[in-house]
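Student: This is the structure I have questions about; it appears just below.
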Amino acid sequence: MSQEKTATGSGQDHLYIFDTTLRDGEQSPGASMTLEEKLRIAETLDALKVDVIEAGFAIASEGDFACVKAVAEQVRGCTVASLARAAPGDIERAAEALVPAIRPRIHTFIATSPLHMKVKLQMQPEAVLEAIHASVSKARGHVDDVEWSAEDATRSDPDFLCRAVEAAIRAGATTVNLPDTVGYATPEEYSAMFADILARVPGADGVILSAHCHNDLGLAVANSLAAVKAGARQVECTINGIGERAGNAAMEEIVMAIRTRGDVVPVTTRVETTEITKASRLVSAVTGFAVQNNKAIVGANAFAHESGIHQDGVLKAAETYEIMTPESVGLNRSSLVMGKHSGRHAFAEKLREMGYTLGENAFQECFKRFKALGDRKKHIYDEDIIALVDDEVATASNRIRVVSVTTHSSSGAKAVSDVTLDIDGEERSTVVYGEGPVDAAFNAIKDLIGYRPHLQLFQVHAVTQGTDAQAECTVRLEESGRTANGQGAHEDTVTAAARAYVAAVNKLMVKREKTAPQPVASVTPDVAAGDG
Ligand SMILES: CC(=O)SCCNC(=O)CCNC(=O)[C@H](O)C(C)(C)COP(=O)(O)OP(=O)(O)OC[C@H]1O[C@@H](n2cnc3c(N)ncnc32)[C@H](O)[C@@H]1OP(=O)(O)O
Ligand SMILES: CC(C)C(=O)C(=O)O
Ligand SMILES: [Mg+2]
């Protein structure tokens, strides 16, 4: 890969995106991927146009070697890298796996912090400097593109770190990575470290300096951007921020931060941002790691609005509450999530989308019912709104309407229902017993309307999933050879049943009027057939 720092022709420096989803990302406990899965992700990363794909750690296992090799064979657009310790065998194995790559990179590393050198490596600092020289030189013997990383750079002694970086550059490293391996640094400290290296290490301005941040304190992206502001021109990151412990810096967050805030981080990437959502979903599906709803850029709620004031703003001009367009990350559009916080503007828009045109009264009535539903139900789906509006529209011109239904039932006892109906503008109530709550409600309705049509059919189904789903009931009534169906929807099943029953009664009344014209000023009983 070319090491030019300005590669875009935009006048701004190019920021290389080094994706390590397949290596550091796979180090997340439980994220192991098969070769086929890695190839699918590599294909997506290629389409995303990241600059470097770290495909694995070739020495780690036969499987990892095969993955690096397969990715190197498949990927044509990006540099492909393999990790290697400062050990000859690791470097040889990495070089072998990378043979098919068009642009191979060996990424060799060793820790430089006192703690890691003393306790983990059990090496003297001078021996570490020698190992840096030997490993980078050996890697350069295989490929031209060699990255060297100072593991635990942020807890290293600054003077020693300068010596280590200098050793790597002298040995031929083309990229020098300064990881915050344990996510310990703050943005100010991390940018100061890059500034220090650039100011003090001969040749540091002739290589690409790279940031690699972990998210133990939730600062991985902030630290990466701070490093870029201080002169880093490569960031190492993963899709969805997966990685060791709390993860790595999230690629989508870094790329979109740069795209959105080029005024404060003036670099460009070549990432095809419209592929971000697809990549995020693939990585989530392959690893089984769900993306939290409120995750920046790729969370389910990242472009969703539920509050009425926000929805109204977004409908008038999306920029009021969106700093990026959903299309820029590969989503079709932002979503207006309907819920108890939604207002009339959003509800009207939703109805328009679903093809409804309601008169003012019906709209206000539907909105009232929608808000009441939102108070009781966590998720309001399109089906809920359809059921509610259909129910309202179907019953809007009815002479008899359900005002309220209250039922009490317990096992082993009769149910009792208190029903209030609006009949020709006058409210009438009664309390009646039944074998069950629906039976009691139907008995109450029959008493109130003063006649007893025969119940031919009673069906209930849930409009959506979940125990808080609305019930949609269908009732078929028969009276003197005339039949009529009625539907009713409500989150309370008995109320839905009562609404369906009353809807059918209204239709029967219309049929009766049409077939046997008579004064209809009041609802007059003419049939007393019980239906049980
Ligand atoms: C910060 C990071 O993300 S580093 C990358 C971490 N990723 C991984 O470790 C995943 C893949 N790792 C593996 O499969 C294995 O650890 C292997 C194959 C690399 C090594 O396995 P083993 O030989 O069994 O050694 P083990 O993992 O137990 O210990 C690591 C050894 O490497 C040494 N080591 C660690 N880092 C380096 C380094 N950069 N350069 C040279 N030696 C190193 C350790 O000191 C230890 O050496 P020792 O055996 O002499 O004590
Ligand atoms: C191997 C290096 C780059 C690493 O992953 C780290 O230090 O976190
Ligand atoms: Mg790491």
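Going by the structure tokens order, chains are called A, B, ..., each with residues numbered from 1, while ligands are numbered from 1 in the order shown.
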So that I can check the surroundings of stretch 413-427 of chain A, please list as a list in words every protein, DNA and RNA residue that reaches within 9 Å of it, counting only C-alpha atoms and ignoring chain neighbours fewer than 6 positions away.
Tutor: Asn398, Arg399, Ile400, Arg401, Val402, Val403, Ser404, Val405, Thr406, Thr407, Tyr433, Gly434, Glu435, Gly436, Pro437, Val438, Asp439, Ala440, Ala441, Phe442, Asn443, Ala444, Ile445, Leu448, Ile449, Ala498, Ala521, Ser522 and Val523 of chain A
Student: Residues within 8 Å of A:Val207, please, as an MDAnalysis selection string. Count only C-alpha atoms; anything in the same chain fewer than 5 positions from it doesn't count.
Tutor: chainID A and resid 3 169 173:176
Student: Do a neighbour search on stretch 83-93 of chain A at 10 Å with only C-alpha atoms, toss out local chain neighbours closer than 2 positions, and write the hits as a PyMOL selection string.
Tutor: chain A and resi 23-24+54-60+65+68+81+95-98+105-111+128+130-136+138-140+142+147-149
Student: Please write out the residues within 12 Å of ligand 3 as a ChimeraX atom specification, counting only C-alpha atoms and all ligand atoms.
Tutor: /A:18-28,54,83,109,111,149-153,177-183,211-216,220,235-238,241-249
Student: For those residues, write N, CA and C atoms to a file as a CSV table (one decimal), in the first residue's frame.
Tutor:
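result.csv, written as the output of this step:
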```
chain,number,residue,atom,x,y,z
A,18,PHE,N,-7.8,0.8,9.2
A,18,PHE,CA,-7.3,-0.5,9.4
A,18,PHE,C,-8.3,-1.3,10.2
A,19,ASP,N,-9.0,-2.2,9.5
A,19,ASP,CA,-10.0,-2.9,10.2
A,19,ASP,C,-9.5,-4.2,10.8
A,20,THR,N,-9.7,-4.4,12.1
A,20,THR,CA,-9.2,-5.6,12.8
A,20,THR,C,-10.4,-6.5,13.3
A,21,THR,N,-11.5,-6.3,12.7
A,21,THR,CA,-12.7,-7.2,13.1
A,21,THR,C,-12.3,-8.7,13.1
A,22,LEU,N,-11.6,-9.1,12.1
A,22,LEU,CA,-11.2,-10.5,12.0
A,22,LEU,C,-10.1,-11.0,12.9
A,23,ARG,N,-9.4,-10.0,13.5
A,23,ARG,CA,-8.3,-10.4,14.4
A,23,ARG,C,-8.6,-10.0,15.9
A,24,ASP,N,-8.5,-8.7,16.2
A,24,ASP,CA,-8.8,-8.2,17.5
A,24,ASP,C,-10.3,-8.4,17.8
A,25,GLY,N,-11.2,-8.2,16.8
A,25,GLY,CA,-12.6,-8.4,17.0
A,25,GLY,C,-12.9,-9.8,17.4
A,26,GLU,N,-12.2,-10.7,16.7
A,26,GLU,CA,-12.4,-12.2,17.0
A,26,GLU,C,-11.9,-12.5,18.4
A,27,GLN,N,-11.1,-11.7,19.0
A,27,GLN,CA,-10.6,-12.0,20.3
A,27,GLN,C,-11.7,-11.7,21.4
A,28,SER,N,-12.8,-11.2,21.0
A,28,SER,CA,-13.9,-11.1,22.0
A,28,SER,C,-14.3,-12.5,22.4
A,54,GLU,N,-7.0,-6.7,8.7
A,54,GLU,CA,-6.2,-7.6,9.5
A,54,GLU,C,-7.0,-8.9,9.6
A,83,LEU,N,-1.1,-10.7,12.0
A,83,LEU,CA,-0.4,-10.3,13.2
A,83,LEU,C,0.8,-11.3,13.4
A,109,PHE,N,4.5,-7.1,16.6
A,109,PHE,CA,4.4,-6.2,17.8
A,109,PHE,C,5.2,-6.8,19.0
A,111,ALA,N,5.5,-5.7,23.5
A,111,ALA,CA,5.1,-4.8,24.5
A,111,ALA,C,6.3,-3.9,24.9
A,149,SER,N,3.9,-2.5,16.2
A,149,SER,CA,3.1,-2.0,17.3
A,149,SER,C,3.8,-2.1,18.6
A,150,ALA,N,3.7,-1.0,19.4
A,150,ALA,CA,4.3,-1.0,20.8
A,150,ALA,C,3.1,-1.4,21.7
A,151,GLU,N,3.0,-2.6,22.0
A,151,GLU,CA,1.8,-3.0,22.8
A,151,GLU,C,2.0,-2.3,24.2
A,152,ASP,N,0.8,-1.9,24.7
A,152,ASP,CA,0.7,-1.1,26.0
A,152,ASP,C,1.5,0.2,25.9
A,153,ALA,N,1.5,0.8,24.7
A,153,ALA,CA,2.3,2.1,24.6
A,153,ALA,C,1.9,3.1,25.6
A,177,ASN,N,2.4,1.8,15.1
A,177,ASN,CA,1.1,1.8,15.9
A,177,ASN,C,1.4,1.9,17.4
A,178,LEU,N,0.7,2.8,18.0
A,178,LEU,CA,0.9,3.1,19.4
A,178,LEU,C,-0.4,2.8,20.2
A,179,PRO,N,-0.6,1.5,20.5
A,179,PRO,CA,-1.9,1.1,21.0
A,179,PRO,C,-2.2,1.5,22.5
A,180,ASP,N,-3.4,1.8,22.8
A,180,ASP,CA,-3.9,2.0,24.1
A,180,ASP,C,-4.5,0.6,24.5
A,181,THR,N,-3.6,-0.3,24.7
A,181,THR,CA,-4.0,-1.8,24.7
A,181,THR,C,-5.0,-2.1,25.8
A,182,VAL,N,-5.0,-1.3,26.9
A,182,VAL,CA,-5.9,-1.6,28.0
A,182,VAL,C,-6.9,-0.5,28.2
A,183,GLY,N,-7.0,0.4,27.2
A,183,GLY,CA,-8.1,1.4,27.3
A,183,GLY,C,-7.9,2.3,28.5
A,211,ALA,N,-3.2,4.7,15.5
A,211,ALA,CA,-3.9,4.6,16.8
A,211,ALA,C,-4.7,3.3,16.9
A,212,HIS,N,-4.6,2.7,18.0
A,212,HIS,CA,-5.3,1.4,18.2
A,212,HIS,C,-5.9,1.5,19.6
A,213,CYS,N,-7.2,1.7,19.8
A,213,CYS,CA,-7.7,2.0,21.1
A,213,CYS,C,-8.7,1.0,21.6
A,214,HIS,N,-8.6,0.7,22.8
A,214,HIS,CA,-9.6,-0.2,23.4
A,214,HIS,C,-10.6,0.6,24.3
A,215,ASN,N,-11.7,0.0,24.6
A,215,ASN,CA,-12.8,0.8,25.1
A,215,ASN,C,-13.1,0.6,26.6
A,216,ASP,N,-12.1,0.2,27.3
A,216,ASP,CA,-12.3,-0.1,28.7
A,216,ASP,C,-13.0,1.0,29.5
A,220,ALA,N,-12.6,4.8,23.5
A,220,ALA,CA,-11.8,4.4,22.4
A,220,ALA,C,-12.0,5.3,21.2
A,235,VAL,N,-6.1,4.6,11.8
A,235,VAL,CA,-6.8,4.2,13.0
A,235,VAL,C,-7.2,2.7,12.8
A,236,GLU,N,-7.0,2.0,13.9
A,236,GLU,CA,-7.4,0.6,13.9
A,236,GLU,C,-8.7,0.4,14.7
A,237,CYS,N,-9.6,-0.3,14.1
A,237,CYS,CA,-10.9,-0.3,14.6
A,237,CYS,C,-11.7,-1.6,14.2
A,238,THR,N,-12.8,-1.8,14.7
A,238,THR,CA,-13.6,-3.0,14.3
A,238,THR,C,-15.1,-2.6,14.1
A,241,GLY,N,-17.5,-2.2,17.0
A,241,GLY,CA,-16.6,-2.0,18.2
A,241,GLY,C,-16.3,-3.3,18.9
A,242,ILE,N,-16.5,-4.4,18.3
A,242,ILE,CA,-16.2,-5.7,19.0
A,242,ILE,C,-14.7,-5.8,19.2
A,243,GLY,N,-14.3,-6.6,20.2
A,243,GLY,CA,-12.9,-6.8,20.4
A,243,GLY,C,-12.7,-7.2,21.9
A,244,GLU,N,-11.4,-7.5,22.2
A,244,GLU,CA,-11.0,-7.9,23.5
A,244,GLU,C,-11.7,-7.1,24.6
A,245,ARG,N,-12.1,-7.7,25.6
A,245,ARG,CA,-12.8,-7.1,26.8
A,245,ARG,C,-14.0,-6.2,26.4
A,246,ALA,N,-13.8,-4.8,26.6
A,246,ALA,CA,-14.9,-3.9,26.3
A,246,ALA,C,-14.9,-3.5,24.8
A,247,GLY,N,-14.0,-4.1,24.1
A,247,GLY,CA,-13.9,-3.9,22.6
A,247,GLY,C,-12.9,-2.9,22.1
A,248,ASN,N,-12.9,-2.7,20.8
A,248,ASN,CA,-12.0,-1.7,20.2
A,248,ASN,C,-12.9,-0.5,19.8
A,249,ALA,N,-12.2,0.5,19.2
A,249,ALA,CA,-12.9,1.6,18.7
A,249,ALA,C,-13.8,1.2,17.6
```
Student: Do a neighbour search on stretch 306-311 of chain A at 12 Å with only C-alpha atoms, toss out local chain neighbours closer than 2 positions, and write the hits as number ranges by chain.
Tutor: A: 301-304, 313-322, 334-350, 371, 374, 378-380
Student: Hey, which of A:Thr274, A:Arg155, A:Thr395, A:Lys377 ends up closest to ligand 2? Count only C-alpha atoms and all ligand atoms.
Tutor: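 Closest candidate: A:Arg155.
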Student: Need the shell around A:His461: protein/DNA/RNA residues with any atom at most 7 Å away, counting only C-alpha atoms. Skip same-chain ones fewer than 5 positions apart. Format as a list in words?
Tutor: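 The residues satisfying every condition are Ala471, Glu472 and Cys473 of chain A.
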Student: Quick one: pick out all strand (DSSP E or B) residues within stretch 153-245 of chain A from a backbone DSSP run and write them as a ChimeraX atom specification.
Tutor: /A:175-180,208-214,234-238
Student: Of the residues A:Thr186, A:Glu166, A:Lys118, A:Leu129, which is the one nearest to A:Asp205, using only C-alpha atoms?
Tutor: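 Of the candidates, the smallest distance to A:Asp205 is held by A:Glu166.
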Student: What does the structure give for the distance between atom CA of A:Asn485 and atom CA of A:Asp391, in Å to one decimal?
Tutor: 12.7 Å
Student: Could you state the separation of atom CA of A:Val389 and atom CA of A:Cys366 in Å, given to one decimal place?
Tutor: 6.1 Å
